[in-house]
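Below: one structure, written as structure tokens.
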Amino acid sequence: MSYFIKSVFIALQNIRANPLHTFLSTLGIIIGVAALVGILALGDGLEQTGREQLAQTTSLNILQARTNQTKTVDNVRVRIEDAPRLKVEQARRIQSEYSKRAIVEFVANEATEISYGDSTHGIYFQGNMENGLSFINDSLASGRYITETDILNGEKVLVLGGYIAEKWFESPEEIIGKQVGIKGEQFVVIGLLKEQGEGTPRAYVPISTFLDIVDDYPVLSLKVTRAEEIPIVEEELKVWLDSEFEEGHGAFSLMSNRARVEQFSQGILLFKLIMGAITGISVLVGGIGVMNVLLISVTERTKEIGIRKATGAKKKDIVLQFMAESVTVSFVGCIAGWVVGILGIFIFVPIVNSIADMGFRAALGFNTVLIILAVAMVVGVVFGTYPAWRASQLDPIDAIRHE
């Protein structure tokens with residue numbers, strides 16, 4: 001090992017002695033590695049940006065557990081009597097367990113009527129937990145949202161969409177504090193959503209209050225932070241359902257978009273592989289440059305090699321020396337390419353964002369660093385083998401006489 005390290009120092013001395021020669025010879029590696037870093041970083045960034053965009057606009061990262069209320073008998077759908085029901089307390093336990101990995105919501109809804117004074121309108125009446133705003137992609141215009149205390153006490157409070165409030169008041173915020181009627185019960189409006197125009201008319205109440213009024217089967221929803229963890233969370237949820245209910249997870253339908261997650265990941269991987277193969281051509285050309293440097297080095301140092309062999313150096317010692325030099329030159333070229341690639345990304349990403357206006361960013365993962373190190377080792381070993389073998393085959397007497 002000490003001999004290998006000494007060979008590395010010799011290689012670094014040769015690089016310093018002929019910097020322009022080494023630079024021109026490793027230019028192919030620098031360009032190839034820079035392109036490879038850019039492709040991998042942009043690919044990782046594209047994957048992250050794509051996941052975030054899909055998570056915001058679709059249910060890509062949502063996993064749901066619904067009670068199976070019917071079964072098929074002789075091709076006839078039959079209602080299941082005494083189907084198991086999830087409870088608020090159970091949803092709380094899931095919420096506590098997955099607090100760092102997912103946002104947990106417990107939902108039930110029904111289409112019904114809402115009244116204020118003599119005016120009545122159709123509405124989607126929905127029971128939620130305090131995390132409801134994270135699922136409906138909306139925010140409050142005024143007032144507040146449902147709290148954990150509201151759910152615990154079964155308060156008859158309600159958060160209303162702006163679409164309905166506009167029908168009753170010229171200024172929708174005036175609805176705050178007023179009482180509205182739903183299914184024979186009076187609810188105090190505590191919040192107003194920013195929803196405007198011809199939106200979906202909805203009213204949100206504490207899930208515990210909703211279940212006291214409506215005989216329904218609530219749905220457990222988990223908005224998983226990392227979409228790729230959905231298969232893992234789904235398996236864990238099956239185990240939990242098996243422990244909570246005699247009927248097990250077979251009494252529930254677990255629904256997710258894991259197939260779309262896998263399809264999206266496969267598409268990004270294919271992009272990386274194809275673009276990586278194209279940029280690999282530059283790395284290949286760079287490896288030929290490294291081999292050229294070493295062949296010239298063998299010619300220039302023929303007499304030195306002859307003296308070393310005459311004084312007891314074995315063939316494997318000569319091979320190891322030149323292999324160490326090959327790996328060192330390749331490693332230096334890869335590091336330079338890595339730096340160039342990073343600088344290129346910092347220039348390229350702002351340009352993309354100024355054109356696309358989508359918050360795109362590059363991402364440098366640990367895998368990218370490992371790939372660059374692997375490239376340096378492979379190029380050094382593959383393209384250093386022939387020069388090292390040629391140096392080891394020199395006859396010591398002829399080598400000493402070489403001028």
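Order determines the names: the first chain of the structure tokens is A, the second B, and so forth; residues in each chain are numbered 1 upward, and ligands are numbered 1 upward as they are shown.
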
Give me every helix (DSSP H, G or I) residue in region 297-367 of chain A, going by DSSP on the backbone, as a PyMOL selection string. chain A and resi 297-300+302-310+315-356+366-367

Can you check which residues of region 46-281 of chain A DSSP gives as strand (DSSP E or B) on the backbone and send them as an MDAnalysis selection string? chainID A and resid 62:67 70:73 76:79 102:116 119:128 140:143 157:160 179:182 185:193 202:206 219:224 252:255

Between CA of Val382 (chain A) and CA of Ile29 (chain A), measure the distance and give it in Å to one decimal. 13.6 Å

Select, from A:Lys167, A:Arg390, A:Lys194, A:Arg101, the residue with the minimum atom-to-atom distance to Leu140 (chain A), counting only C-alpha atoms. A:Lys194

Which neighbours of Phe135 (chain A) fall inside 9 Å, counting only C-alpha atoms, when residues of the same chain fewer than 6 positions from it are skipped, and could you give them as a PyMOL selection string? chain A and resi 103+105+223

Please indicate the distance in Å from CA of Ile274 (chain A) to CA of Phe346 (chain A), rounded to one decimal place.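 CA of Ile274 (chain A) sits 23.0 Å away from CA of Phe346 (chain A).
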
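If you measure from each of A:Ser208, A:Trp240, A:Ile123, A:Ile347 to Ile182 (chain A) using only C-alpha atoms, the closest one turns out to be A:Ile123.
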
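Rounded to one decimal, CA of Asn68 (chain A) and CA of Ile94 (chain A) lie 19.7 Å from each other.
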
Using only C-alpha atoms, determine which residues lie at most 10 Å from Gln90 (chain A), disregarding the query and same-chain residues fewer than 6 positions distant; provide the list as a list in words.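 Close residues of Gln90 (chain A): Ser96, Phe106, Leu220 and Glu244 of chain A.
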
Residue nearest Val107 (chain A) - candidates A:Ile31, A:Val239, A:Met377, A:Val205, atoms counted: only C-alpha atoms: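 Using only C-alpha atoms, the shortest distance to Val107 (chain A) belongs to A:Val205.
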
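Neighbouring residues of Arg85 (chain A) at 10 Å or closer, counting only C-alpha atoms and skipping chain neighbours under 6 positions away, are Arg66, Thr67, Asn68, Gln69, Asp216, Tyr217, Pro218, Val219, Phe245, Ala251 and Phe252 of chain A.
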
My list of candidates is A:Glu185, A:Glu234, A:Asp118, A:Asp242. Which is closest to Asn257 (chain A) when distances are computed with only C-alpha atoms? A:Glu234

Give the answer as one residue: which of A:Gly341, A:Gly122, A:Gly384, A:Gly250 has the shortest atom-to-atom distance to Glu110 (chain A), using only C-alpha atoms?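 Looking only at the distances to Glu110 (chain A), the closest residue turns out to be A:Gly122.
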
Identify, on the basis of only C-alpha atoms, every residue whose closest approach to Met129 (chain A) does not exceed 10 Å; exclude the query and any residue fewer than 6 positions from it along the same chain; express the result as a PyMOL selection string. chain A and resi 88+91-92+104-107+145-148+150-151+204-208

Keeping only C-alpha atoms, take the residues you just selected and write them out as a PDB file, in the first residue's frame.
ATOM      1  CA  VAL A  88     -61.264   8.870  15.467  1.00  0.00           C
ATOM      2  CA  ALA A  91     -56.887   7.720  13.269  1.00  0.00           C
ATOM      3  CA  ARG A  92     -55.144   9.652  16.072  1.00  0.00           C
ATOM      4  CA  VAL A 104     -53.017  11.944   8.304  1.00  0.00           C
ATOM      5  CA  GLU A 105     -56.623  12.911   7.594  1.00  0.00           C
ATOM      6  CA  PHE A 106     -59.886  11.237   8.601  1.00  0.00           C
ATOM      7  CA  VAL A 107     -62.733  12.129   6.264  1.00  0.00           C
ATOM      8  CA  TYR A 145     -60.003  26.239  10.754  1.00  0.00           C
ATOM      9  CA  ILE A 146     -61.115  23.230  12.788  1.00  0.00           C
ATOM     10  CA  THR A 147     -58.883  22.435  15.776  1.00  0.00           C
ATOM     11  CA  GLU A 148     -58.111  19.300  17.752  1.00  0.00           C
ATOM     12  CA  ASP A 150     -63.202  21.106  18.338  1.00  0.00           C
ATOM     13  CA  ILE A 151     -62.895  17.441  17.379  1.00  0.00           C
ATOM     14  CA  TYR A 204     -66.236  21.403   6.730  1.00  0.00           C
ATOM     15  CA  VAL A 205     -67.034  20.349  10.296  1.00  0.00           C
ATOM     16  CA  PRO A 206     -65.151  18.341  12.951  1.00  0.00           C
ATOM     17  CA  ILE A 207     -65.162  14.655  11.998  1.00  0.00           C
ATOM     18  CA  SER A 208     -66.538  13.676  15.422  1.00  0.00           C
TER      19      SER A 208
END

So that I can check the surroundings of His121 (chain A), please list as an MDAnalysis selection string every protein, DNA and RNA residue that reaches within 10 Å of it, counting only C-alpha atoms and ignoring chain neighbours fewer than 5 positions away. chainID A and resid 112:116 164 167 201

Dump as a PDB file, in the first residue's frame, selection limited to C-alpha atoms:
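Result file is out35.pdb:
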ATOM      1  CA  THR A 112     -77.004  17.606   1.573  1.00  0.00           C
ATOM      2  CA  GLU A 113     -78.586  21.063   2.012  1.00  0.00           C
ATOM      3  CA  ILE A 114     -77.398  24.115   3.906  1.00  0.00           C
ATOM      4  CA  SER A 115     -79.705  26.927   4.970  1.00  0.00           C
ATOM      5  CA  TYR A 116     -79.335  30.461   6.240  1.00  0.00           C
ATOM      6  CA  ILE A 164     -71.824  29.726  -0.770  1.00  0.00           C
ATOM      7  CA  LYS A 167     -74.815  33.944  -2.254  1.00  0.00           C
ATOM      8  CA  PRO A 201     -69.801  24.209  -2.526  1.00  0.00           C
TER       9      PRO A 201
END

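When only C-alpha atoms are used to compute distances to Ile232 (chain A), the closest of the residues A:Leu211, A:Leu63, A:Ala362, A:Val189 turns out to be A:Leu63.
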